[in-house]
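*Asks:* Can you keep this structure in mind? I'll have questions shortly.
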Amino acid sequence: MTEKEYNECVTLYADNVYRFILKNLRHEEDARDVVQSAFEKMWNNLDNVDAQKSKSYLFTVAYHQMIDHIRKVKRIQLQDEFSAGSKTENNPSNNLKKILHEALNRLNETQKSLVLLKDYEGYSYEEIGQIMNLNASQVKVYLHRARLQLKKYLVKIENVI
């Protein structure tokens, strides 16, 4: 990959990668750090990256950086955000967006990433498989299970009200 191709990759995919990571982490600064480290890793490996596969490489690296970040945060146990969020009461004024976020947050990391990549970002099963090191069949099965969990949560009236 050349420097020019790298710059084109940044222009084409930076927003998509950031959106994907931000949806998972829900923290802007952390998402920026993860995306920046993914681009840095790509820059350091320019000679080994095929320009035709730069999108897949970038999302794969960003996904793994995000998983590492999540594990690091869990180890350190920085839960200020979560404890503040758990003190708020559910009331009937909750909007659909908040309910969907709650449903997504109940999924494990892999399921959440699959749903966001497929339904929010619109990637194909093959592209998602490359990003997450799964084959297309595994992506379909895991995505189906994630959607079933979402459906199970969303159809309960007490979760919506």
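Residues in the structure tokens are numbered from 1 in each chain, the chains being A, B, ... in the order shown, and ligands are numbered from 1 in the order shown.
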Can you list, as a short mmCIF file (atom, residue, chain, number, x, y, z; two decimals) with C-alpha atoms, in the first residue's frame, every protein, DNA or RNA residue that comes within 10 Å of Asn135 (chain A) when you count only C-alpha atoms, leaving out same-chain residues fewer than 6 positions away?
*Replies:*
```
data_model
loop_
_atom_site.label_atom_id
_atom_site.label_comp_id
_atom_site.auth_asym_id
_atom_site.auth_seq_id
_atom_site.Cartn_x
_atom_site.Cartn_y
_atom_site.Cartn_z
CA TYR A 125 -21.86 -11.42 5.57
CA GLU A 126 -18.50 -12.02 3.88
CA GLU A 127 -17.16 -8.57 4.85
CA ILE A 128 -18.31 -9.05 8.44
CA GLY A 129 -16.66 -12.47 8.47
#
```
*Asks:* If you count only C-alpha atoms, which residues fall within 9 Å of region 16-31 of chain A, apart from same-chain ones fewer than 3 positions away, as a ChimeraX atom specification?
*Replies:* /A:12-13,34-36,58-59,62-63,66,69-70,105,109,112-113,116-117,120-121
*Asks:* Give me the residues within 9 Å of Leu114 (chain A) as an mmCIF file with N, CA and C atoms, in the first residue's frame, counting only C-alpha atoms and dropping any in the same chain fewer than 5 places off.
*Replies:*
```cif
data_model
loop_
_atom_site.group_PDB
_atom_site.id
_atom_site.type_symbol
_atom_site.label_atom_id
_atom_site.label_comp_id
_atom_site.auth_asym_id
_atom_site.auth_seq_id
_atom_site.Cartn_x
_atom_site.Cartn_y
_atom_site.Cartn_z
ATOM 1 N N GLU A 109 -20.454 -8.810 23.298
ATOM 2 C CA GLU A 109 -19.668 -7.960 22.402
ATOM 3 C C GLU A 109 -19.750 -8.423 20.949
ATOM 4 N N ASP A 119 -26.755 -4.498 10.284
ATOM 5 C CA ASP A 119 -27.992 -3.728 10.209
ATOM 6 C C ASP A 119 -27.784 -2.222 10.234
ATOM 7 N N ILE A 128 -18.255 -8.930 6.980
ATOM 8 C CA ILE A 128 -18.310 -9.052 8.439
ATOM 9 C C ILE A 128 -17.434 -10.218 8.892
ATOM 10 N N MET A 132 -14.354 -9.914 11.535
ATOM 11 C CA MET A 132 -14.425 -10.560 12.841
ATOM 12 C C MET A 132 -13.806 -11.958 12.875
ATOM 13 N N VAL A 139 -21.340 -16.097 10.784
ATOM 14 C CA VAL A 139 -21.915 -14.755 10.882
ATOM 15 C C VAL A 139 -23.441 -14.843 10.841
ATOM 16 N N TYR A 142 -24.757 -16.509 14.201
ATOM 17 C CA TYR A 142 -24.606 -15.624 15.359
ATOM 18 C C TYR A 142 -25.512 -14.408 15.242
ATOM 19 N N LEU A 143 -25.664 -13.896 14.029
ATOM 20 C CA LEU A 143 -26.532 -12.753 13.816
ATOM 21 C C LEU A 143 -27.994 -13.129 14.063
ATOM 22 N N ALA A 146 -28.507 -13.312 17.765
ATOM 23 C CA ALA A 146 -28.527 -11.964 18.351
ATOM 24 C C ALA A 146 -29.873 -11.302 18.103
#
```
*Asks:* Would you return as a PyMOL selection string the members of region 4-115 of chain A that DSSP assigns to alpha helix (DSSP H) on this structure's backbone?
*Replies:* chain A and resi 4-25+28-44+54-76+80-86+96-105+109-115
*Asks:* Which of these, A:Met1, A:Leu96, A:Ala38, A:Ile131, has the shortest distance to Thr110 (chain A) once you count only C-alpha atoms?
*Replies:*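 Ranked by minimum distance to Thr110 (chain A), first place goes to A:Ile131.
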*Asks:* Record the distance separating CA of Val10 (chain A) and CA of Phe39 (chain A), expressed in Å with one decimal.
*Replies:*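 Those two atoms sit 7.8 Å apart.
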